[in-house]
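Colleague: Handing you this structure, nothing more for now.
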Amino acid sequence: MKIRIDGMETEVTSGETILEAARRAGIDIPTLCYSEAFGGQGVCRFCMVEIEVGGKKRLVASCTYPITEEMEVRTATPAVKEIRRNLVTLLYRRAPDSDLMKKLFQEYNCDRIEPVDPEESCIMCRLCVKACEKVGANAISTVLRGTEKRVATPFDEGSEECVGCSACADICPTGAIPVKEEDGRREIWHRSFEMSRCEECGKHYTTQPVSEHVKEQTELNSSSENICPGCRRKKLAAEMAKVRLHVD
Amino acid sequence: MIKHQVNNPEERMILVCCGTGCLANGSGAVYEELCRALEGNDRYQVKTFAKATGCNGLCEKGPLVKIMPDDITYCHVQAEDVSEIVEETLIKGELIKRLMYRDPATKQYYRSHHDTDFYKKQHKVALRNIGEIDPAQVQDYLERGGYQALEKAIKTMTPEEVIEEVLNAGLRGRGGGGFPTGLKWKACAATDKQPRYVICNGDEGDPGAFMDRSILEGDPHTVLEGLIICAYAIGASMGYIYVRDEYDLAVKNLTTAIKDARKCGYLGRNILGSSLSFDIEIVRGGGAFVCGEETALINSIQGNVGEPWDKYIFPTEKGLWEQPTVINNVETWANVPVIINAGSDKFASIGTEGSKGTKVFSLVGKVVNTGLVEVPMGTTLREIIFEIGGGIQKGRQFKAVQTGGPSGGCIPEKLLDLPVDFDTLSQAGSMMGSGGLIVMDDRTCMVEVARYYVNFLAGESCGKCVPCREGISLLLDILTRICEGKGKLEDLDLLESMSKTIQQAALCALGRTAPNPVLSTLQYFRDEYLEHINNHRCPAGVCKELTEFYIDPELCNGCGRCRRKCPADAVTGEKKKAHEIDLSKCITCGECINNCKFQAVKVK
Ligand SMILES: Cc1cc2nc3c(=O)[nH]c(=O)nc-3n(C[C@H](O)[C@H](O)[C@H](O)COP(=O)(O)O)c2cc1C
Ligand code: SF4
Ligand code: SF4
Ligand code: SF4
Ligand code: FES
């Protein structure tokens with residue numbers, strides 16, 4: 001099936017989202033809550049675009065809209081731009097302490113607005129919650145509703161489920177999740193974890209629960225190694241080089 | 001089971017309203033007392049029964065007792081009144097004046113509520129059985145034609161014919177969106193996936209609304225019958241009734257009704273000898289306004305957090321457990337048996353071009369008669385508020401009517417002759433919603449009204465998407481500032497621009513309709529915003545920081561009423577001489593202006 005995005009004809013498969021199709025075609029639609037790993041969430045609405053089907057125009061979230069029929073997509077109409085600018089204003093008002101929002105606020109040339117809490121930096125994109133879900137820990141979730149909604153551990157206490165992997169903090173686009181690493185310990189979400197060292201370079205690189213988890217998994221595959229991602233890459237490159245030598 | 005025939009002259013029936021409102025006022029005790037008094041008493045000319053019914057929509061007058069076929073209505077009846085009713089009315093055949101219906105507008109006494117303006121102008125379709133039957137007795141429902149529509153559908157119509165009939169009737173969803181019900185069913189039937197589900201949306205989260213509750217409590221079988229007819233039409237195997245958590249009586253009556261329907265063979269395997277096998281389960285609601293939104297509701301049934309999802313694929317294709325699902329509102333379901341029984345033409349003969357049938361409204365606020373009102377679509381607001389509702393309380397001026405629940409709009413006096421239907425209300429910047437009508441008088445500040453609803457929505461938004469969560473927070477901030485006299489002219493542009501973004505970008509209809517209270521008041525009552533901003537004055541005398549009261553010495557006759565009512569001792573004056581307000585003491589609570597019978601207290 002073919003659709004047109006900003007005038008460009010693009011081949012799409014039925015069920016694919018507009019955002020995926022656009023990205024493949026090299027057209028950039030800005031997003032704040034999207035990650036390829038988890039798909040569209042429909043949370044930030046930054047990816048809104050105009051679609052026209054059978055002469056009818058509509059504004060939709062491109063990250064969740066599945067293409068099932070021919071359509072014309074416009075990703076930068078005045079209405080779309082106005083929505084994005086207002087969303088940036090709203091998120092800057094919420095999270096003025098994040099570099100991302102400061103940058104976007106400038107970029108979208110927004111009008112001055114009184115922030116709610118000058119120290120807030122979370123934009124509630126929920127990527128952290130998704131990442132934690134993916135890790136299988138489910139230690140954090142959104143709590144409360146309405147304007148009070150936020151990301152937290154149950155009862156704002158250290159959660160038994162948390163393995164201290166910091167996947168949440170790593171994915172956070174605004175650096176809103178504090179992580180402290182000191183004296184071989186990592187503190188995150190009201191908990192403190194002992195860290196383990198890389199068997200190659202000796203640096204602290206992850207928490208004990210995580211490396212134990214990895215060990216359990218890898219022992220089944222009879223190769224037990226605790227090495228950091230950096231060393232792993234180096235090792236892999238060395239092995240690849242060997243393989244290539246053989247081929248040559 | 002004993003058969004009760006309403007019109008059998010050999011029998012007399014006493015109907016005691018046992019809806020939630022009347023029960024709270026002691027109707028349970030009235031019913032028990034009546035049963036005791038009637039049992040074994042052979043002094044009546046005819047056989048007499050007592051019966052507990054659903055809500056009559058006249059909760060303010062409750063507990064309500066009706067005597068049939070004499071057609072006598074008694075109001076505010078207490079258990080102590082029972083012996084008098086038995087002696088005077090049942091035995092001697094005399095009316096008890098103090099218990100009779102007294103029209104609050106005309107002060108006239110009526111023998112029956114059927115004769116009052118409040119009742120006469122109504123047209124009961126969805127509420128046809130409520131107050132007339134005992135909801136716990138399937139026999140009562142059967143005697144009023146219950147389950148005949150189901151028999152007709154299953155025995156004489158194909159599923160396609162049933163869908164056509166609903167389509168031709170022009171029935172549109174009563175839960176808010178006004179989507180054509182027949183189209184929904186058709187879309188679901190056209191999918192190639194099984195199993196399919198039907199859901200009854202009984203979340204009813206609008207504050208002050210109780211039409212769905214009164215149907216679920218007072219006529220549960222009609223909802224079941226609607227669901228079973230749909231199950232037949234779309235080939236569904238299972239139905240769910242999602243009931244707001246607080247509705248205990250509705251759950252109780254529905255549970256009984258489902259059991260009885262199973263016993264009678266209307267639910268279960270091979271219904272009425274057909275190949276249809278279908279059952280219904282009750283699910284108790286998650287207790288949030290947003291859980292009434294259909295995708296949030298489905299999430300809630302599935303045990304997830306009650307958050308909506310983008311409906312780019314309709315639930316008719318991908319709903320409960322990702323299966324094809326038809327979800328309709330309680331009142332929508334209650335209309336279905338009527339359409340099948342009477343035929344689509346008959347149904348479509350009521351209402352307007354685009355909105356057929358009737359609509360139940362919950363009429364509340366500063367209107368004389370409050371309660372549930374069912375009128376044909378196209379009835380004007382003026383008829384509803386001034387004829388049925390009896391006008392504005394305490395002889396004050398009408399100012400606006402808020403329709404459609406918390407995210408509806410405020411409609412001004414100049415649009416009172418608007419025939420009410422789905423389309424006219426949307427065009428006026430409001431909406432039908434589930435049918436809330438809140439009447440406001442001249443003591444209402446429209447900026448404060450907008451702030452009030454936005455504040456409600458700030459707490460009830462699920463908080464998932466940015467435009468709704470953050471946008472509402474900003475709207476609330478600005479409106480609060482204006483009410484405190486700190487507003488700026490540019491604030492109005494920001495309100496409008498952000499409202500537009502929220503309408504266009506929010507994920508679900510809660511967000512998309514949330515700016516209605518703001519935009520409609522800005523459209524019709526902009527002057528009031530400007531007064532707050534430019535002159536730091538609240539013309540209605542509501543926003544405390546912006547209000548100063550004074551007493552007009554020409555109009556004040558020194559009755560002293562305001563002086564006695566003032567909790568701050570701020571009013572002084574001698575009897576029969578003009579009074580004065582000491583502004584240094586005044587806490588602008590408004591007691592004086594609300595209580596002055598001569599309109600002598602004014603807002604500066
Ligand atoms: C915030 C919100 C709350 C809602 N609450 C209800 C409700 O309490 N009852 C209801 O029937 N529909 C409610 N709806 C509408 C439903 O999403 C849905 O449209 C309706 O149940 C479909 O039935 P109908 O076509 O018979 O109206 C609500 C919608 C929104 C956006
Ligand atoms: S903490 Fe970061 S990742 Fe999590 S919701 Fe907030 S901004 Fe998004
Ligand atoms: S519009 Fe509001 S209620 Fe609807 S999903 Fe977004 S935040 Fe939740
Ligand atoms: S507004 Fe309140 S404080 Fe002021 S005069 Fe009236 S009653 Fe007294
Ligand atoms: S990227 Fe589509 S809503 Fe966030």
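Within each chain, counting starts at residue 1; across the structure tokens, chains are named A, B, ... in the order shown, with ligands numbered 1 upward in that order.
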Residues of chain B within 12 Å of chain A, counting only C-alpha atoms, what are they? List them as a ChimeraX atom specification.

Modeller: /B:288-291,305-314,454-478,490-491,494-508,510-511

Colleague: Let's have the selection written as a CSV table (one decimal), in the first residue's frame, with C-alpha atoms.

Modeller:
chain,number,residue,atom,x,y,z
B,288,ALA,CA,-12.9,7.3,38.9
B,289,PHE,CA,-14.7,9.6,36.5
B,290,VAL,CA,-12.4,8.6,33.6
B,291,CYS,CA,-13.3,4.9,34.0
B,305,VAL,CA,-5.1,0.9,35.5
B,306,GLY,CA,-8.1,2.8,34.3
B,307,GLU,CA,-6.4,4.8,31.5
B,308,PRO,CA,-7.8,5.3,28.0
B,309,TRP,CA,-5.9,4.4,24.9
B,310,ASP,CA,-6.0,5.9,21.4
B,311,LYS,CA,-9.1,4.6,19.7
B,312,TYR,CA,-7.8,4.7,16.1
B,313,ILE,CA,-9.1,1.2,16.0
B,314,PHE,CA,-12.6,1.1,17.5
B,454,VAL,CA,-11.6,22.8,35.5
B,455,ASN,CA,-10.6,22.1,39.1
B,456,PHE,CA,-12.8,19.0,39.1
B,457,LEU,CA,-11.2,17.8,35.9
B,458,ALA,CA,-7.7,18.5,37.2
B,459,GLY,CA,-8.4,15.8,39.8
B,460,GLU,CA,-10.3,13.4,37.5
B,461,SER,CA,-8.1,13.5,34.4
B,462,CYS,CA,-6.2,10.2,34.3
B,463,GLY,CA,-3.0,12.1,33.9
B,464,LYS,CA,-1.7,10.0,31.0
B,465,CYS,CA,-1.3,12.6,28.2
B,466,VAL,CA,0.4,16.0,28.3
B,467,PRO,CA,-2.2,18.3,26.9
B,468,CYS,CA,-4.9,17.2,29.3
B,469,ARG,CA,-2.7,16.8,32.4
B,470,GLU,CA,-0.5,19.9,32.0
B,471,GLY,CA,-3.0,21.9,30.0
B,472,ILE,CA,-5.7,21.6,32.6
B,473,SER,CA,-3.2,22.5,35.3
B,474,LEU,CA,-2.4,25.7,33.4
B,475,LEU,CA,-6.0,26.6,32.7
B,476,LEU,CA,-6.8,26.1,36.4
B,477,ASP,CA,-3.8,28.3,37.3
B,478,ILE,CA,-5.0,31.1,35.1
B,490,GLU,CA,-3.1,38.3,27.8
B,491,ASP,CA,-4.3,35.5,30.0
B,494,LEU,CA,-3.4,32.0,26.5
B,495,LEU,CA,-6.6,30.4,27.8
B,496,GLU,CA,-8.0,30.3,24.2
B,497,SER,CA,-4.8,29.0,22.6
B,498,MET,CA,-4.2,26.3,25.2
B,499,SER,CA,-7.8,25.3,25.1
B,500,LYS,CA,-7.5,24.7,21.4
B,501,THR,CA,-4.4,22.6,21.8
B,502,ILE,CA,-6.1,20.5,24.5
B,503,GLN,CA,-9.1,20.0,22.3
B,504,GLN,CA,-7.0,18.9,19.4
B,505,ALA,CA,-4.3,16.9,21.0
B,506,ALA,CA,-5.6,15.2,24.1
B,507,LEU,CA,-5.8,11.4,23.9
B,508,CYS,CA,-9.4,10.9,25.0
B,510,LEU,CA,-12.1,13.8,28.7
B,511,GLY,CA,-9.3,16.0,27.7

Colleague: Enumerate as a list in words all residues of segment 365-500 of chain B assigned to strand (DSSP E or B) by DSSP on the backbone, naming them with the chain letters and numbers the document uses.

Modeller: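 Checking each residue of segment 365-500 of chain B, the strand (DSSP E or B) ones are Gly365, Val367, Gly371, Leu372, Val373, Glu374, Val375, Pro376, Thr380, Ile392, Phe398, Lys399, Ala400, Val401, Gln402, Thr403, Gly409, Cys410, Ile411, Pro412, Pro419, Gly436, Leu437, Ile438, Val439, Met440 and Asp441 of chain B.
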
Colleague: Give me the residues near segment 392-407 of chain B as a count of residues only, where near means some atom within 7 Å (using only C-alpha atoms) and where sequence neighbours in that chain fewer than 4 positions away do not count.

Modeller: 25

Colleague: Within 10 Å of ligand 4, counting only C-alpha atoms and all ligand atoms, which protein or nucleic acid residues do you find, written as an MDAnalysis selection string?

Modeller: chainID B and resid 541:542 544 547:551 561:572 579:596 601:603

Colleague: Which residues are near Leu183 of chain B? Cut-off 9 Å, only C-alpha atoms, ignore same chain within fewer than 4 positions. Put them as number ranges by chain.

Modeller: B: 163, 166-167, 179, 187-188

Colleague: With distances taken over only C-alpha atoms and all ligand atoms, which of A:Thr206, A:Asn226, A:Ser35, A:Ser192 is nearest to ligand 2?

Modeller: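 Closest residue, counting only C-alpha atoms and all ligand atoms: A:Ser35.
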
Colleague: Could you list, as an mmCIF file with N, CA, C and O atoms, in the first residue's frame, all residues that come within 7 Å of ligand 1? Count only C-alpha atoms and all ligand atoms.

Modeller:
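Writing done, so here's part02.cif:
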data_model
loop_
_atom_site.group_PDB
_atom_site.id
_atom_site.type_symbol
_atom_site.label_atom_id
_atom_site.label_comp_id
_atom_site.auth_asym_id
_atom_site.auth_seq_id
_atom_site.Cartn_x
_atom_site.Cartn_y
_atom_site.Cartn_z
ATOM 1 N N ARG B 172 -29.153 7.048 19.044
ATOM 2 C CA ARG B 172 -27.763 7.448 19.247
ATOM 3 C C ARG B 172 -27.397 7.272 20.708
ATOM 4 O O ARG B 172 -28.223 7.432 21.591
ATOM 5 N N GLY B 173 -26.143 6.919 20.940
ATOM 6 C CA GLY B 173 -25.680 6.589 22.288
ATOM 7 C C GLY B 173 -25.969 7.672 23.305
ATOM 8 O O GLY B 173 -25.681 8.844 23.085
ATOM 9 N N ARG B 174 -26.549 7.284 24.428
ATOM 10 C CA ARG B 174 -26.932 8.247 25.468
ATOM 11 C C ARG B 174 -25.815 8.510 26.469
ATOM 12 O O ARG B 174 -25.999 9.250 27.431
ATOM 13 N N GLY B 175 -24.654 7.877 26.273
ATOM 14 C CA GLY B 175 -23.564 8.026 27.245
ATOM 15 C C GLY B 175 -22.734 9.274 27.039
ATOM 16 O O GLY B 175 -21.860 9.577 27.838
ATOM 17 N N GLY B 176 -22.990 9.994 25.951
ATOM 18 C CA GLY B 176 -22.242 11.228 25.768
ATOM 19 C C GLY B 176 -21.874 11.506 24.325
ATOM 20 O O GLY B 176 -22.122 12.579 23.805
ATOM 21 N N GLY B 177 -21.309 10.524 23.661
ATOM 22 C CA GLY B 177 -20.807 10.755 22.315
ATOM 23 C C GLY B 177 -21.887 10.877 21.258
ATOM 24 O O GLY B 177 -21.695 11.520 20.231
ATOM 25 N N GLY B 178 -23.043 10.244 21.497
ATOM 26 C CA GLY B 178 -24.132 10.307 20.528
ATOM 27 C C GLY B 178 -23.853 9.534 19.252
ATOM 28 O O GLY B 178 -24.409 9.832 18.197
ATOM 29 N N PHE B 179 -23.019 8.529 19.336
ATOM 30 C CA PHE B 179 -22.708 7.718 18.152
ATOM 31 C C PHE B 179 -23.902 6.827 17.820
ATOM 32 O O PHE B 179 -24.533 6.276 18.711
ATOM 33 N N PRO B 180 -24.244 6.699 16.505
ATOM 34 C CA PRO B 180 -25.388 5.854 16.144
ATOM 35 C C PRO B 180 -25.189 4.403 16.608
ATOM 36 O O PRO B 180 -24.222 3.747 16.221
ATOM 37 N N THR B 181 -26.094 3.942 17.444
ATOM 38 C CA THR B 181 -25.954 2.622 18.051
ATOM 39 C C THR B 181 -25.951 1.508 17.007
ATOM 40 O O THR B 181 -25.158 0.573 17.081
ATOM 41 N N ASN B 201 -22.298 0.288 30.029
ATOM 42 C CA ASN B 201 -21.537 1.280 30.769
ATOM 43 C C ASN B 201 -22.419 1.945 31.828
ATOM 44 O O ASN B 201 -23.268 2.777 31.516
ATOM 45 N N GLY B 202 -22.241 1.528 33.061
ATOM 46 C CA GLY B 202 -23.008 2.098 34.174
ATOM 47 C C GLY B 202 -22.083 2.778 35.162
ATOM 48 O O GLY B 202 -22.284 2.699 36.368
ATOM 49 N N ASP B 203 -21.068 3.450 34.631
ATOM 50 C CA ASP B 203 -20.093 4.085 35.521
ATOM 51 C C ASP B 203 -20.640 5.381 36.118
ATOM 52 O O ASP B 203 -20.404 5.690 37.275
ATOM 53 N N GLU B 204 -21.374 6.099 35.284
ATOM 54 C CA GLU B 204 -22.032 7.350 35.697
ATOM 55 C C GLU B 204 -21.227 8.175 36.706
ATOM 56 O O GLU B 204 -21.607 8.301 37.864
ATOM 57 N N GLY B 205 -20.141 8.746 36.203
ATOM 58 C CA GLY B 205 -19.259 9.493 37.091
ATOM 59 C C GLY B 205 -19.554 10.977 37.196
ATOM 60 O O GLY B 205 -18.948 11.673 38.008
ATOM 61 N N ASP B 206 -20.498 11.500 36.399
ATOM 62 C CA ASP B 206 -20.807 12.932 36.483
ATOM 63 C C ASP B 206 -21.379 13.239 37.856
ATOM 64 O O ASP B 206 -22.358 12.619 38.255
ATOM 65 N N PHE B 289 -13.926 9.017 37.539
ATOM 66 C CA PHE B 289 -14.736 9.587 36.450
ATOM 67 C C PHE B 289 -14.252 9.067 35.101
ATOM 68 O O PHE B 289 -15.045 8.693 34.239
ATOM 69 N N VAL B 290 -12.940 9.015 34.930
ATOM 70 C CA VAL B 290 -12.389 8.634 33.628
ATOM 71 C C VAL B 290 -12.685 7.164 33.296
ATOM 72 O O VAL B 290 -12.690 6.771 32.128
ATOM 73 N N CYS B 291 -12.979 6.353 34.291
ATOM 74 C CA CYS B 291 -13.301 4.943 34.034
ATOM 75 C C CYS B 291 -14.590 4.790 33.234
ATOM 76 O O CYS B 291 -14.903 3.702 32.757
ATOM 77 N N GLY B 292 -15.365 5.864 33.090
ATOM 78 C CA GLY B 292 -16.549 5.812 32.230
ATOM 79 C C GLY B 292 -16.181 5.892 30.764
ATOM 80 O O GLY B 292 -16.969 5.520 29.901
ATOM 81 N N GLU B 293 -15.000 6.387 30.464
ATOM 82 C CA GLU B 293 -14.539 6.416 29.078
ATOM 83 C C GLU B 293 -14.328 4.971 28.658
ATOM 84 O O GLU B 293 -13.725 4.189 29.386
ATOM 85 N N GLU B 294 -14.810 4.620 27.471
ATOM 86 C CA GLU B 294 -14.934 3.195 27.176
ATOM 87 C C GLU B 294 -13.628 2.402 27.179
ATOM 88 O O GLU B 294 -13.608 1.263 27.628
ATOM 89 N N ILE B 327 -20.032 -1.493 23.260
ATOM 90 C CA ILE B 327 -20.252 -0.910 24.578
ATOM 91 C C ILE B 327 -21.257 0.220 24.453
ATOM 92 O O ILE B 327 -21.117 1.096 23.615
ATOM 93 N N ASN B 328 -22.311 0.130 25.219
ATOM 94 C CA ASN B 328 -23.330 1.172 25.212
ATOM 95 C C ASN B 328 -23.682 1.572 26.628
ATOM 96 O O ASN B 328 -23.458 0.833 27.591
ATOM 97 N N ASN B 329 -24.278 2.731 26.698
ATOM 98 C CA ASN B 329 -24.677 3.318 27.969
ATOM 99 C C ASN B 329 -25.982 2.669 28.478
ATOM 100 O O ASN B 329 -26.770 2.138 27.702
ATOM 101 N N VAL B 330 -26.205 2.741 29.765
ATOM 102 C CA VAL B 330 -27.405 2.161 30.400
ATOM 103 C C VAL B 330 -28.692 2.624 29.710
ATOM 104 O O VAL B 330 -29.556 1.817 29.341
ATOM 105 N N THR B 332 -29.070 3.921 26.778
ATOM 106 C CA THR B 332 -29.134 3.411 25.404
ATOM 107 C C THR B 332 -29.745 2.012 25.420
ATOM 108 O O THR B 332 -30.663 1.704 24.651
ATOM 109 N N SER B 434 -24.003 13.089 29.389
ATOM 110 C CA SER B 434 -24.938 12.050 29.803
ATOM 111 C C SER B 434 -26.268 12.666 30.198
ATOM 112 O O SER B 434 -27.185 11.973 30.587
ATOM 113 N N CYS B 508 -8.007 11.330 24.946
ATOM 114 C CA CYS B 508 -9.398 10.874 25.001
ATOM 115 C C CYS B 508 -10.351 12.052 25.125
ATOM 116 O O CYS B 508 -9.943 13.205 25.253
ATOM 117 N N ALA B 509 -11.633 11.738 25.112
ATOM 118 C CA ALA B 509 -12.653 12.781 25.110
ATOM 119 C C ALA B 509 -12.700 13.565 26.412
ATOM 120 O O ALA B 509 -13.213 14.679 26.432
ATOM 121 N N LEU B 510 -12.162 13.026 27.496
ATOM 122 C CA LEU B 510 -12.145 13.831 28.718
ATOM 123 C C LEU B 510 -11.317 15.088 28.459
ATOM 124 O O LEU B 510 -11.767 16.205 28.673
#

Colleague: Excluding Gly145 of chain B and residues on its chain fewer than 4 positions from it, collect all residues at most 9 Å away from it, counting only C-alpha atoms, and give them as a count of residues only.

Modeller: 3

Colleague: What residues of the protein or nucleic acid chains come within 9 Å of ligand 2 when you use only C-alpha atoms and all ligand atoms? Reply as a PyMOL selection string.

Modeller: chain A and resi 32-33+95+98+121-131+142+150-152+168-177

Colleague: Since we have the selection now, will you write its residues out, keeping C-alpha atoms, as a short mmCIF file (atom, residue, chain, number, x, y, z; two decimals), in the first residue's frame?

Modeller:
data_model
loop_
_atom_site.label_atom_id
_atom_site.label_comp_id
_atom_site.auth_asym_id
_atom_site.auth_seq_id
_atom_site.Cartn_x
_atom_site.Cartn_y
_atom_site.Cartn_z
CA LEU A 32 9.15 12.70 23.45
CA CYS A 33 7.67 9.43 24.70
CA ALA A 95 9.86 20.54 34.07
CA SER A 98 15.56 19.79 32.53
CA SER A 121 12.74 17.91 35.56
CA CYS A 122 10.52 14.87 34.88
CA ILE A 123 8.29 15.29 31.82
CA MET A 124 6.25 12.14 32.56
CA CYS A 125 7.13 10.46 29.28
CA ARG A 126 7.01 7.12 31.13
CA LEU A 127 10.00 5.74 29.25
CA CYS A 128 11.51 4.77 32.60
CA VAL A 129 8.42 2.75 33.52
CA LYS A 130 8.57 1.01 30.14
CA ALA A 131 12.28 0.27 30.54
CA THR A 142 2.83 5.87 37.60
CA ARG A 150 3.98 10.95 38.84
CA VAL A 151 6.40 8.06 38.59
CA ALA A 152 7.25 6.34 41.86
CA CYS A 168 15.24 3.79 33.95
CA ALA A 169 17.81 6.49 34.58
CA ASP A 170 19.71 5.61 31.42
CA ILE A 171 16.67 5.99 29.20
CA CYS A 172 15.32 9.13 30.91
CA PRO A 173 15.60 12.00 28.42
CA THR A 174 15.76 14.62 31.14
CA GLY A 175 18.04 13.08 33.75
CA ALA A 176 15.21 13.19 36.22
CA ILE A 177 16.08 10.00 38.08
#

Colleague: Which is closest to ligand 5 among A:Glu69, A:Glu133, A:Glu20, A:Glu52, if we use only C-alpha atoms and all ligand atoms?

Modeller: A:Glu20

Colleague: Here is a test: counting only C-alpha atoms and all ligand atoms, which residue of B:Gly391, B:Leu297, B:Cys543, B:Lys318 is nearest to ligand 3?

Modeller: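 When distances to ligand 3 are compared using only C-alpha atoms and all ligand atoms, the smallest one comes from B:Leu297.
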
Colleague: Pick from B:Met157, B:Leu216, B:Val46, B:Ala296: nearest to ligand 3, with only C-alpha atoms and all ligand atoms counted?

Modeller: B:Ala296

Colleague: Just want the 10 Å neighbourhood of Leu254 of chain B, counted on only C-alpha atoms, with same-chain residues fewer than 6 positions away dropped. Output as a list in words.

Modeller: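 Here the qualifying residues turn out to be Pro135, Ala136, Leu216, Glu217, Gly218, Asp219, Pro220, His221, Val223, Leu224, Ile241, Val243, Asp248, Asp260, Glu281 and Ile282 of chain B.
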